[in-house]
$ cat query02.cif   # mmCIF, N, CA and C atoms
data_start
#
loop_
_atom_site.label_atom_id
_atom_site.label_comp_id
_atom_site.auth_asym_id
_atom_site.auth_seq_id
_atom_site.Cartn_x
_atom_site.Cartn_y
_atom_site.Cartn_z
N ILE A 1 -37.46 0.45 21.68
CA ILE A 1 -37.04 1.18 20.50
C ILE A 1 -37.97 0.87 19.33
N ALA A 2 -38.28 -0.39 19.14
CA ALA A 2 -39.10 -0.79 18.00
C ALA A 2 -40.45 -0.10 18.06
N GLY A 3 -40.96 0.27 16.91
CA GLY A 3 -42.26 0.91 16.83
C GLY A 3 -42.20 2.42 16.95
N ARG A 4 -41.07 2.97 17.33
CA ARG A 4 -40.95 4.43 17.43
C ARG A 4 -40.65 4.99 16.06
N PRO A 5 -41.17 6.18 15.76
CA PRO A 5 -40.87 6.81 14.48
C PRO A 5 -39.37 7.01 14.31
N GLY A 6 -38.88 6.72 13.10
CA GLY A 6 -37.47 6.91 12.81
C GLY A 6 -36.57 5.76 13.22
N VAL A 7 -37.12 4.76 13.90
CA VAL A 7 -36.33 3.61 14.32
C VAL A 7 -36.73 2.42 13.45
N PRO A 8 -35.76 1.86 12.72
CA PRO A 8 -36.09 0.72 11.86
C PRO A 8 -36.59 -0.47 12.68
N PRO A 9 -37.43 -1.30 12.08
CA PRO A 9 -37.90 -2.50 12.78
C PRO A 9 -36.72 -3.41 13.15
N ASP A 10 -36.94 -4.21 14.17
CA ASP A 10 -35.89 -5.13 14.64
C ASP A 10 -35.33 -5.99 13.51
N GLU A 11 -36.21 -6.46 12.61
CA GLU A 11 -35.76 -7.32 11.52
C GLU A 11 -34.74 -6.61 10.63
N LEU A 12 -34.98 -5.34 10.33
CA LEU A 12 -34.05 -4.59 9.48
C LEU A 12 -32.74 -4.31 10.20
N ARG A 13 -32.82 -3.95 11.45
CA ARG A 13 -31.60 -3.69 12.21
C ARG A 13 -30.78 -4.97 12.33
N HIS A 14 -31.46 -6.09 12.52
CA HIS A 14 -30.76 -7.37 12.61
C HIS A 14 -30.12 -7.74 11.26
N ALA A 15 -30.85 -7.53 10.18
CA ALA A 15 -30.32 -7.83 8.85
C ALA A 15 -29.08 -6.98 8.57
N ARG A 16 -29.14 -5.72 8.90
CA ARG A 16 -27.98 -4.84 8.66
C ARG A 16 -26.80 -5.26 9.53
N ARG A 17 -27.08 -5.62 10.75
CA ARG A 17 -26.02 -6.07 11.66
C ARG A 17 -25.37 -7.36 11.12
N LEU A 18 -26.17 -8.27 10.60
CA LEU A 18 -25.62 -9.50 10.01
C LEU A 18 -24.66 -9.19 8.87
N ILE A 19 -25.01 -8.22 8.06
CA ILE A 19 -24.15 -7.84 6.93
C ILE A 19 -22.88 -7.18 7.43
N THR A 20 -23.02 -6.19 8.29
CA THR A 20 -21.84 -5.41 8.70
C THR A 20 -20.92 -6.18 9.62
N GLU A 21 -21.47 -6.95 10.54
CA GLU A 21 -20.62 -7.67 11.49
C GLU A 21 -19.94 -8.90 10.88
N ASN A 22 -20.42 -9.32 9.72
CA ASN A 22 -19.83 -10.49 9.06
C ASN A 22 -19.13 -10.11 7.77
N GLY A 23 -18.70 -8.86 7.67
CA GLY A 23 -17.88 -8.42 6.55
C GLY A 23 -18.53 -8.45 5.20
N GLY A 24 -19.86 -8.42 5.15
CA GLY A 24 -20.56 -8.44 3.87
C GLY A 24 -20.62 -9.81 3.24
N LEU A 25 -20.30 -10.84 4.01
CA LEU A 25 -20.23 -12.20 3.46
C LEU A 25 -21.55 -12.97 3.43
N PRO A 26 -22.48 -12.74 4.37
CA PRO A 26 -23.71 -13.56 4.34
C PRO A 26 -24.52 -13.37 3.06
N ARG A 27 -25.12 -14.46 2.62
CA ARG A 27 -26.01 -14.41 1.46
C ARG A 27 -27.33 -13.76 1.85
N VAL A 28 -27.89 -13.00 0.93
CA VAL A 28 -29.16 -12.32 1.20
C VAL A 28 -30.25 -13.33 1.54
N ALA A 29 -30.27 -14.47 0.87
CA ALA A 29 -31.28 -15.50 1.15
C ALA A 29 -31.16 -15.98 2.59
N ASP A 30 -29.95 -16.13 3.08
CA ASP A 30 -29.75 -16.58 4.45
C ASP A 30 -30.19 -15.52 5.45
N ILE A 31 -29.92 -14.26 5.14
CA ILE A 31 -30.34 -13.16 6.01
C ILE A 31 -31.86 -13.09 6.06
N ALA A 32 -32.49 -13.18 4.89
CA ALA A 32 -33.96 -13.13 4.82
C ALA A 32 -34.56 -14.27 5.63
N ALA A 33 -34.00 -15.44 5.50
CA ALA A 33 -34.51 -16.59 6.26
C ALA A 33 -34.36 -16.36 7.76
N GLU A 34 -33.24 -15.79 8.16
CA GLU A 34 -33.02 -15.56 9.59
C GLU A 34 -34.00 -14.54 10.17
N VAL A 35 -34.32 -13.49 9.41
CA VAL A 35 -35.27 -12.49 9.93
C VAL A 35 -36.72 -12.87 9.67
N GLY A 36 -36.94 -13.94 8.90
CA GLY A 36 -38.30 -14.43 8.68
C GLY A 36 -39.06 -13.72 7.57
N TRP A 37 -38.34 -13.10 6.66
CA TRP A 37 -38.95 -12.41 5.53
C TRP A 37 -38.49 -13.05 4.23
N SER A 38 -39.24 -12.78 3.16
CA SER A 38 -38.78 -13.21 1.84
C SER A 38 -37.64 -12.30 1.40
N ARG A 39 -36.85 -12.76 0.45
CA ARG A 39 -35.75 -11.92 -0.07
C ARG A 39 -36.30 -10.63 -0.67
N ARG A 40 -37.40 -10.76 -1.38
CA ARG A 40 -38.00 -9.59 -2.03
C ARG A 40 -38.49 -8.56 -1.00
N HIS A 41 -39.16 -9.05 0.04
CA HIS A 41 -39.65 -8.14 1.08
C HIS A 41 -38.48 -7.50 1.81
N LEU A 42 -37.47 -8.29 2.13
CA LEU A 42 -36.29 -7.75 2.80
C LEU A 42 -35.63 -6.68 1.94
N ALA A 43 -35.44 -6.95 0.65
CA ALA A 43 -34.80 -5.99 -0.23
C ALA A 43 -35.59 -4.68 -0.31
N ALA A 44 -36.91 -4.79 -0.42
CA ALA A 44 -37.75 -3.59 -0.52
C ALA A 44 -37.70 -2.77 0.77
N ARG A 45 -37.87 -3.42 1.89
CA ARG A 45 -37.86 -2.70 3.19
C ARG A 45 -36.48 -2.15 3.50
N PHE A 46 -35.44 -2.94 3.23
CA PHE A 46 -34.06 -2.53 3.50
C PHE A 46 -33.70 -1.31 2.66
N THR A 47 -34.06 -1.34 1.38
CA THR A 47 -33.77 -0.23 0.48
C THR A 47 -34.52 1.02 0.91
N ALA A 48 -35.76 0.86 1.29
CA ALA A 48 -36.55 2.01 1.73
C ALA A 48 -35.94 2.64 2.99
N GLU A 49 -35.40 1.83 3.85
CA GLU A 49 -34.83 2.32 5.12
C GLU A 49 -33.42 2.86 4.98
N TYR A 50 -32.56 2.13 4.24
CA TYR A 50 -31.14 2.46 4.22
C TYR A 50 -30.64 3.03 2.89
N GLY A 51 -31.45 2.98 1.83
CA GLY A 51 -31.06 3.55 0.56
C GLY A 51 -30.26 2.63 -0.35
N LEU A 52 -29.91 1.47 0.13
CA LEU A 52 -29.21 0.45 -0.65
C LEU A 52 -29.89 -0.89 -0.40
N THR A 53 -29.80 -1.79 -1.37
CA THR A 53 -30.30 -3.14 -1.14
C THR A 53 -29.34 -3.86 -0.19
N PRO A 54 -29.76 -4.97 0.38
CA PRO A 54 -28.82 -5.74 1.21
C PRO A 54 -27.58 -6.17 0.42
N LYS A 55 -27.77 -6.54 -0.84
CA LYS A 55 -26.63 -6.96 -1.67
C LYS A 55 -25.67 -5.80 -1.91
N GLU A 56 -26.20 -4.61 -2.20
CA GLU A 56 -25.35 -3.44 -2.40
C GLU A 56 -24.63 -3.07 -1.11
N THR A 57 -25.32 -3.19 0.01
CA THR A 57 -24.70 -2.90 1.31
C THR A 57 -23.55 -3.86 1.56
N ALA A 58 -23.75 -5.13 1.27
CA ALA A 58 -22.69 -6.13 1.45
C ALA A 58 -21.50 -5.80 0.55
N ARG A 59 -21.76 -5.34 -0.64
CA ARG A 59 -20.70 -4.95 -1.57
C ARG A 59 -19.86 -3.81 -0.99
N VAL A 60 -20.52 -2.80 -0.45
CA VAL A 60 -19.82 -1.67 0.16
C VAL A 60 -19.04 -2.12 1.40
N VAL A 61 -19.62 -2.99 2.20
CA VAL A 61 -18.94 -3.49 3.39
C VAL A 61 -17.69 -4.26 3.00
N ARG A 62 -17.77 -5.10 1.98
CA ARG A 62 -16.59 -5.84 1.51
C ARG A 62 -15.50 -4.89 1.02
N PHE A 63 -15.92 -3.85 0.28
CA PHE A 63 -14.96 -2.86 -0.19
C PHE A 63 -14.29 -2.16 0.99
N GLN A 64 -15.07 -1.72 1.96
CA GLN A 64 -14.50 -1.02 3.11
C GLN A 64 -13.55 -1.93 3.89
N ARG A 65 -13.91 -3.19 4.01
CA ARG A 65 -13.04 -4.13 4.71
C ARG A 65 -11.72 -4.30 3.95
N SER A 66 -11.81 -4.41 2.63
CA SER A 66 -10.58 -4.56 1.83
C SER A 66 -9.71 -3.31 1.97
N LYS A 67 -10.32 -2.15 2.00
CA LYS A 67 -9.57 -0.90 2.15
C LYS A 67 -8.86 -0.86 3.50
N ARG A 68 -9.55 -1.28 4.55
CA ARG A 68 -8.91 -1.32 5.88
C ARG A 68 -7.71 -2.27 5.88
N LEU A 69 -7.87 -3.43 5.28
CA LEU A 69 -6.76 -4.38 5.23
C LEU A 69 -5.58 -3.83 4.43
N LEU A 70 -5.88 -3.16 3.33
CA LEU A 70 -4.81 -2.62 2.49
C LEU A 70 -4.16 -1.39 3.12
N SER A 71 -4.80 -0.82 4.12
CA SER A 71 -4.24 0.35 4.82
C SER A 71 -3.30 -0.05 5.94
N ARG A 72 -3.28 -1.31 6.29
CA ARG A 72 -2.44 -1.76 7.40
C ARG A 72 -0.97 -1.70 7.04
N HIS A 73 -0.16 -1.49 8.06
CA HIS A 73 1.29 -1.48 7.88
C HIS A 73 1.78 -2.86 7.42
N ASP A 74 1.21 -3.91 7.98
CA ASP A 74 1.58 -5.29 7.61
C ASP A 74 0.60 -5.84 6.57
N ARG A 75 0.38 -5.05 5.53
CA ARG A 75 -0.62 -5.32 4.50
C ARG A 75 -0.47 -6.70 3.86
N PRO A 76 -1.57 -7.44 3.78
CA PRO A 76 -1.54 -8.72 3.05
C PRO A 76 -1.48 -8.45 1.55
N THR A 77 -1.23 -9.50 0.78
CA THR A 77 -1.22 -9.35 -0.68
C THR A 77 -2.64 -9.09 -1.18
N LEU A 78 -2.73 -8.59 -2.40
CA LEU A 78 -4.06 -8.34 -2.99
C LEU A 78 -4.86 -9.64 -3.09
N ALA A 79 -4.20 -10.73 -3.44
CA ALA A 79 -4.89 -12.02 -3.54
C ALA A 79 -5.42 -12.45 -2.17
N GLU A 80 -4.63 -12.23 -1.12
CA GLU A 80 -5.08 -12.58 0.23
C GLU A 80 -6.26 -11.71 0.65
N VAL A 81 -6.19 -10.44 0.34
CA VAL A 81 -7.29 -9.53 0.67
C VAL A 81 -8.56 -9.97 -0.06
N ALA A 82 -8.42 -10.28 -1.33
CA ALA A 82 -9.57 -10.73 -2.12
C ALA A 82 -10.22 -11.96 -1.48
N ALA A 83 -9.40 -12.93 -1.09
CA ALA A 83 -9.93 -14.16 -0.50
C ALA A 83 -10.61 -13.89 0.85
N VAL A 84 -9.96 -13.13 1.70
CA VAL A 84 -10.48 -12.86 3.04
C VAL A 84 -11.79 -12.06 2.99
N CYS A 85 -11.88 -11.15 2.02
CA CYS A 85 -13.03 -10.25 1.95
C CYS A 85 -14.20 -10.79 1.13
N GLY A 86 -14.05 -12.00 0.59
CA GLY A 86 -15.18 -12.61 -0.11
C GLY A 86 -15.29 -12.31 -1.58
N PHE A 87 -14.22 -11.80 -2.19
CA PHE A 87 -14.22 -11.61 -3.64
C PHE A 87 -13.85 -12.94 -4.29
N TYR A 88 -14.32 -13.17 -5.51
CA TYR A 88 -14.04 -14.43 -6.19
C TYR A 88 -12.55 -14.62 -6.42
N ASP A 89 -11.89 -13.53 -6.80
CA ASP A 89 -10.45 -13.56 -7.07
C ASP A 89 -9.93 -12.14 -7.08
N GLN A 90 -8.66 -11.97 -7.35
CA GLN A 90 -8.05 -10.65 -7.35
C GLN A 90 -8.64 -9.75 -8.44
N ALA A 91 -8.99 -10.32 -9.56
CA ALA A 91 -9.60 -9.54 -10.65
C ALA A 91 -10.96 -8.99 -10.21
N HIS A 92 -11.72 -9.79 -9.48
CA HIS A 92 -13.01 -9.33 -8.97
C HIS A 92 -12.80 -8.17 -7.99
N LEU A 93 -11.80 -8.29 -7.13
CA LEU A 93 -11.45 -7.21 -6.21
C LEU A 93 -11.15 -5.93 -6.99
N ALA A 94 -10.34 -6.03 -8.03
CA ALA A 94 -9.97 -4.86 -8.83
C ALA A 94 -11.20 -4.24 -9.52
N ARG A 95 -12.09 -5.09 -10.04
CA ARG A 95 -13.31 -4.57 -10.69
C ARG A 95 -14.18 -3.81 -9.70
N GLU A 96 -14.34 -4.38 -8.51
CA GLU A 96 -15.16 -3.71 -7.49
C GLU A 96 -14.54 -2.37 -7.09
N TRP A 97 -13.23 -2.35 -6.92
CA TRP A 97 -12.55 -1.09 -6.59
C TRP A 97 -12.76 -0.07 -7.71
N ASN A 98 -12.61 -0.49 -8.95
CA ASN A 98 -12.84 0.44 -10.07
C ASN A 98 -14.25 0.99 -10.04
N GLU A 99 -15.22 0.14 -9.77
CA GLU A 99 -16.62 0.57 -9.73
C GLU A 99 -16.90 1.51 -8.56
N LEU A 100 -16.35 1.20 -7.40
CA LEU A 100 -16.70 1.93 -6.19
C LEU A 100 -15.82 3.14 -5.89
N CYS A 101 -14.57 3.13 -6.35
CA CYS A 101 -13.73 4.31 -6.06
C CYS A 101 -12.99 4.85 -7.27
N GLY A 102 -13.18 4.23 -8.42
CA GLY A 102 -12.62 4.79 -9.64
C GLY A 102 -11.20 4.38 -9.98
N CYS A 103 -10.64 3.47 -9.21
CA CYS A 103 -9.29 2.99 -9.52
C CYS A 103 -9.10 1.61 -8.90
N PRO A 104 -8.17 0.83 -9.44
CA PRO A 104 -7.89 -0.47 -8.83
C PRO A 104 -7.10 -0.28 -7.54
N PRO A 105 -7.10 -1.27 -6.66
CA PRO A 105 -6.37 -1.12 -5.41
C PRO A 105 -4.87 -0.91 -5.61
N SER A 106 -4.30 -1.45 -6.68
CA SER A 106 -2.87 -1.25 -6.93
C SER A 106 -2.56 0.23 -7.16
N ALA A 107 -3.42 0.94 -7.87
CA ALA A 107 -3.22 2.38 -8.09
C ALA A 107 -3.44 3.15 -6.80
N TRP A 108 -4.44 2.75 -6.03
CA TRP A 108 -4.71 3.41 -4.76
C TRP A 108 -3.53 3.26 -3.81
N LEU A 109 -2.92 2.09 -3.80
CA LEU A 109 -1.78 1.84 -2.92
C LEU A 109 -0.58 2.71 -3.27
N THR A 110 -0.36 2.96 -4.54
CA THR A 110 0.78 3.76 -4.96
C THR A 110 0.46 5.25 -5.02
N GLY A 111 -0.84 5.56 -5.00
CA GLY A 111 -1.25 6.95 -5.08
C GLY A 111 -1.15 7.52 -6.49
N SER A 112 -0.88 6.67 -7.45
CA SER A 112 -0.75 7.14 -8.83
C SER A 112 -2.07 6.99 -9.58
N ASP A 113 -2.28 7.91 -10.50
CA ASP A 113 -3.43 7.85 -11.40
C ASP A 113 -4.75 7.77 -10.66
N LEU A 114 -4.86 8.46 -9.52
CA LEU A 114 -6.11 8.45 -8.79
C LEU A 114 -7.09 9.44 -9.40
N PRO A 115 -8.33 9.06 -9.50
CA PRO A 115 -9.32 9.97 -10.06
C PRO A 115 -9.62 11.10 -9.07
N PHE A 116 -9.92 12.26 -9.59
CA PHE A 116 -10.31 13.40 -8.76
C PHE A 116 -11.78 13.61 -9.02
N ILE A 117 -12.61 13.28 -8.06
CA ILE A 117 -14.05 13.29 -8.31
C ILE A 117 -14.74 14.55 -7.80
N GLN A 118 -14.00 15.49 -7.25
CA GLN A 118 -14.60 16.72 -6.75
C GLN A 118 -15.17 17.57 -7.87
N ASP A 119 -14.50 17.54 -9.03
CA ASP A 119 -15.03 18.27 -10.17
C ASP A 119 -14.74 17.46 -11.43
N GLY A 120 -15.28 17.88 -12.52
CA GLY A 120 -15.11 17.14 -13.77
C GLY A 120 -13.95 17.63 -14.59
N GLY A 121 -13.09 18.48 -14.01
CA GLY A 121 -11.99 19.07 -14.75
C GLY A 121 -10.93 18.07 -15.16
N GLU A 122 -10.16 18.46 -16.16
CA GLU A 122 -9.06 17.64 -16.63
C GLU A 122 -7.81 18.01 -15.86
N GLY A 123 -6.87 17.12 -15.82
CA GLY A 123 -5.62 17.43 -15.16
C GLY A 123 -4.94 16.15 -14.69
N PRO A 124 -3.79 16.28 -14.02
CA PRO A 124 -3.08 15.10 -13.55
C PRO A 124 -3.96 14.24 -12.66
N GLY A 125 -3.94 12.95 -12.90
CA GLY A 125 -4.71 12.03 -12.09
C GLY A 125 -6.19 12.03 -12.38
N ARG A 126 -6.60 12.77 -13.40
CA ARG A 126 -8.03 12.84 -13.74
C ARG A 126 -8.25 12.20 -15.09
N ARG A 127 -9.32 11.47 -15.19
CA ARG A 127 -9.63 10.80 -16.46
C ARG A 127 -10.77 11.48 -17.16
#
$ encode --input "query02.cif" --output "structure tokens"
Amino acid sequence: IAGRPGVPPDELRHARRLITENGGLPRVADIAAEVGWSRRHLAARFTAEYGLTPKETARVVRFQRSKRLLSRHDRPTLAEVAAVCGFYDQAHLAREWNELCGCPPSAWLTGSDLPFIQDGGEGPGRR
């Protein structure tokens, strides 16, 4: 596979796998060391290939993991989700949710005050 057009180099595929399979928790410096590249080189190549830096990718992976946990029938508390997913605390979890989906997880869970991002119109649930 390696060396074929359209197929990322082994180092990039391995770096992405480390991020996704470990819930976005590995440090970029540790990933760079494992693939044998500098952090700067990894960030440049990763961004060129995937459109996000390794750090941004880890952020999205942590968000997606928290969303999956909060979607479960036996949902853990927000504080537990924050801890398991690698957020500093529940406030950090809420900030990331606001940044990435436009509302805190508490609003998403209740379905209230959700932003409507399909258009810029005003109306219920739109800011």
$ resolve_selection --input "query02.cif" --expression "the PyMOL selection byres ((chain A and resi 31-40) around 8)" --output "list in words"
Asp10, Glu11, Leu12, His14, Ala15, Leu18, Ile19, Pro26, Arg27, Val28, Ala29, Asp30, His41, Leu42, Ala43, Ala44, Arg45 and Phe46 of chain A
$ write_last_selection --input "query02.cif" --atoms "N, CA and C atoms" --output "PDB file, keeping the file's coordinate frame"
ATOM      1  N   ASP A  10     -36.940  -4.210  14.170  1.00  0.00           N
ATOM      2  CA  ASP A  10     -35.890  -5.130  14.640  1.00  0.00           C
ATOM      3  C   ASP A  10     -35.330  -5.990  13.510  1.00  0.00           C
ATOM      4  N   GLU A  11     -36.210  -6.460  12.610  1.00  0.00           N
ATOM      5  CA  GLU A  11     -35.760  -7.320  11.520  1.00  0.00           C
ATOM      6  C   GLU A  11     -34.740  -6.610  10.630  1.00  0.00           C
ATOM      7  N   LEU A  12     -34.980  -5.340  10.330  1.00  0.00           N
ATOM      8  CA  LEU A  12     -34.050  -4.590   9.480  1.00  0.00           C
ATOM      9  C   LEU A  12     -32.740  -4.310  10.200  1.00  0.00           C
ATOM     10  N   HIS A  14     -31.460  -6.090  12.520  1.00  0.00           N
ATOM     11  CA  HIS A  14     -30.760  -7.370  12.610  1.00  0.00           C
ATOM     12  C   HIS A  14     -30.120  -7.740  11.260  1.00  0.00           C
ATOM     13  N   ALA A  15     -30.850  -7.530  10.180  1.00  0.00           N
ATOM     14  CA  ALA A  15     -30.320  -7.830   8.850  1.00  0.00           C
ATOM     15  C   ALA A  15     -29.080  -6.980   8.570  1.00  0.00           C
ATOM     16  N   LEU A  18     -26.170  -8.270  10.600  1.00  0.00           N
ATOM     17  CA  LEU A  18     -25.620  -9.500  10.010  1.00  0.00           C
ATOM     18  C   LEU A  18     -24.660  -9.190   8.870  1.00  0.00           C
ATOM     19  N   ILE A  19     -25.010  -8.220   8.060  1.00  0.00           N
ATOM     20  CA  ILE A  19     -24.150  -7.840   6.930  1.00  0.00           C
ATOM     21  C   ILE A  19     -22.880  -7.180   7.430  1.00  0.00           C
ATOM     22  N   PRO A  26     -22.480 -12.740   4.370  1.00  0.00           N
ATOM     23  CA  PRO A  26     -23.710 -13.560   4.340  1.00  0.00           C
ATOM     24  C   PRO A  26     -24.520 -13.370   3.060  1.00  0.00           C
ATOM     25  N   ARG A  27     -25.120 -14.460   2.620  1.00  0.00           N
ATOM     26  CA  ARG A  27     -26.010 -14.410   1.460  1.00  0.00           C
ATOM     27  C   ARG A  27     -27.330 -13.760   1.850  1.00  0.00           C
ATOM     28  N   VAL A  28     -27.890 -13.000   0.930  1.00  0.00           N
ATOM     29  CA  VAL A  28     -29.160 -12.320   1.200  1.00  0.00           C
ATOM     30  C   VAL A  28     -30.250 -13.330   1.540  1.00  0.00           C
ATOM     31  N   ALA A  29     -30.270 -14.470   0.870  1.00  0.00           N
ATOM     32  CA  ALA A  29     -31.280 -15.500   1.150  1.00  0.00           C
ATOM     33  C   ALA A  29     -31.160 -15.980   2.590  1.00  0.00           C
ATOM     34  N   ASP A  30     -29.950 -16.130   3.080  1.00  0.00           N
ATOM     35  CA  ASP A  30     -29.750 -16.580   4.450  1.00  0.00           C
ATOM     36  C   ASP A  30     -30.190 -15.520   5.450  1.00  0.00           C
ATOM     37  N   HIS A  41     -39.160  -9.050   0.040  1.00  0.00           N
ATOM     38  CA  HIS A  41     -39.650  -8.140   1.080  1.00  0.00           C
ATOM     39  C   HIS A  41     -38.480  -7.500   1.810  1.00  0.00           C
ATOM     40  N   LEU A  42     -37.470  -8.290   2.130  1.00  0.00           N
ATOM     41  CA  LEU A  42     -36.290  -7.750   2.800  1.00  0.00           C
ATOM     42  C   LEU A  42     -35.630  -6.680   1.940  1.00  0.00           C
ATOM     43  N   ALA A  43     -35.440  -6.950   0.650  1.00  0.00           N
ATOM     44  CA  ALA A  43     -34.800  -5.990  -0.230  1.00  0.00           C
ATOM     45  C   ALA A  43     -35.590  -4.680  -0.310  1.00  0.00           C
ATOM     46  N   ALA A  44     -36.910  -4.790  -0.420  1.00  0.00           N
ATOM     47  CA  ALA A  44     -37.750  -3.590  -0.520  1.00  0.00           C
ATOM     48  C   ALA A  44     -37.700  -2.770   0.770  1.00  0.00           C
ATOM     49  N   ARG A  45     -37.870  -3.420   1.890  1.00  0.00           N
ATOM     50  CA  ARG A  45     -37.860  -2.700   3.190  1.00  0.00           C
ATOM     51  C   ARG A  45     -36.480  -2.150   3.500  1.00  0.00           C
ATOM     52  N   PHE A  46     -35.440  -2.940   3.230  1.00  0.00           N
ATOM     53  CA  PHE A  46     -34.060  -2.530   3.500  1.00  0.00           C
ATOM     54  C   PHE A  46     -33.700  -1.310   2.660  1.00  0.00           C
TER      55      PHE A  46
END
$ closest_residue --input "query02.cif" --among "A:Gly24, A:Gly86, A:Pro54, A:Pro105" --to "Ser71 in chain A" --atoms "only C-alpha atoms"
A:Pro105
$ residues_around --input "query02.cif" --residues "Thr110 in chain A" --least-positions-apart "6" --cutoff "12 Å" --atoms "only C-alpha atoms" --output "list in words"
Leu70, Ser71, Cys103 and Pro104 of chain A
$ write_last_selection --input "query02.cif" --atoms "N, CA and C atoms" --output "PDB file, keeping the file's coordinate frame"
ATOM      1  N   LEU A  70      -5.880  -3.160   3.330  1.00  0.00           N
ATOM      2  CA  LEU A  70      -4.810  -2.620   2.490  1.00  0.00           C
ATOM      3  C   LEU A  70      -4.160  -1.390   3.120  1.00  0.00           C
ATOM      4  N   SER A  71      -4.800  -0.820   4.120  1.00  0.00           N
ATOM      5  CA  SER A  71      -4.240   0.350   4.820  1.00  0.00           C
ATOM      6  C   SER A  71      -3.300  -0.050   5.940  1.00  0.00           C
ATOM      7  N   CYS A 103     -10.640   3.470  -9.210  1.00  0.00           N
ATOM      8  CA  CYS A 103      -9.290   2.990  -9.520  1.00  0.00           C
ATOM      9  C   CYS A 103      -9.100   1.610  -8.900  1.00  0.00           C
ATOM     10  N   PRO A 104      -8.170   0.830  -9.440  1.00  0.00           N
ATOM     11  CA  PRO A 104      -7.890  -0.470  -8.830  1.00  0.00           C
ATOM     12  C   PRO A 104      -7.100  -0.280  -7.540  1.00  0.00           C
TER      13      PRO A 104
END
$ atom_distance --input "query02.cif" --atom1 "CA of Arg72 in chain A" --atom2 "CA of His92 in chain A"
20.9 Å
$ select_by_dssp --input "query02.cif" --residues "chain A" --states "helix (DSSP H, G or I)" --output "ChimeraX atom specification"
/A:10-21,28-35,39-50,54-71,78-84,90-101,105-110
$ axis_aligned_box --input "query02.cif" --around "range 68-84 of chain A" --padding-each-side "8 Å" --output "lines of an AutoDock Vina configuration file"
center_x = -5.0
center_y = -6.9
center_z = 2.3
size_x = 29.6
size_y = 30.5
size_z = 27.6
$ atom_distance --input "query02.cif" --atom1 "CA of Leu52 in chain A" --atom2 "CA of Tyr88 in chain A"
22.0 Å
$ atom_distance --input "query02.cif" --atom1 "atom N of Gly111 in chain A" --atom2 "atom N of Leu93 in chain A"
17.8 Å
$ resolve_selection --input "query02.cif" --expression "the PyMOL selection byres (((chain A and resi 23 and name CA) around 10) and name CA)" --output "list in words"
Arg17, Leu18, Ile19, Thr20, Glu21, Asn22, Gly24, Leu25, Pro26, Ala58, Arg59, Val60, Val61, Arg62, Phe63, Gln64, Arg65, Ser66, Val84, Cys85 and Gly86 of chain A
$ residues_near_point --input "query02.cif" --point "(-3.5, -5.8, -3.1)" --cutoff "8 Å" --atoms "all atoms listed in the file" --output "ChimeraX atom specification"
/A:70,75-82,90,104-106,109
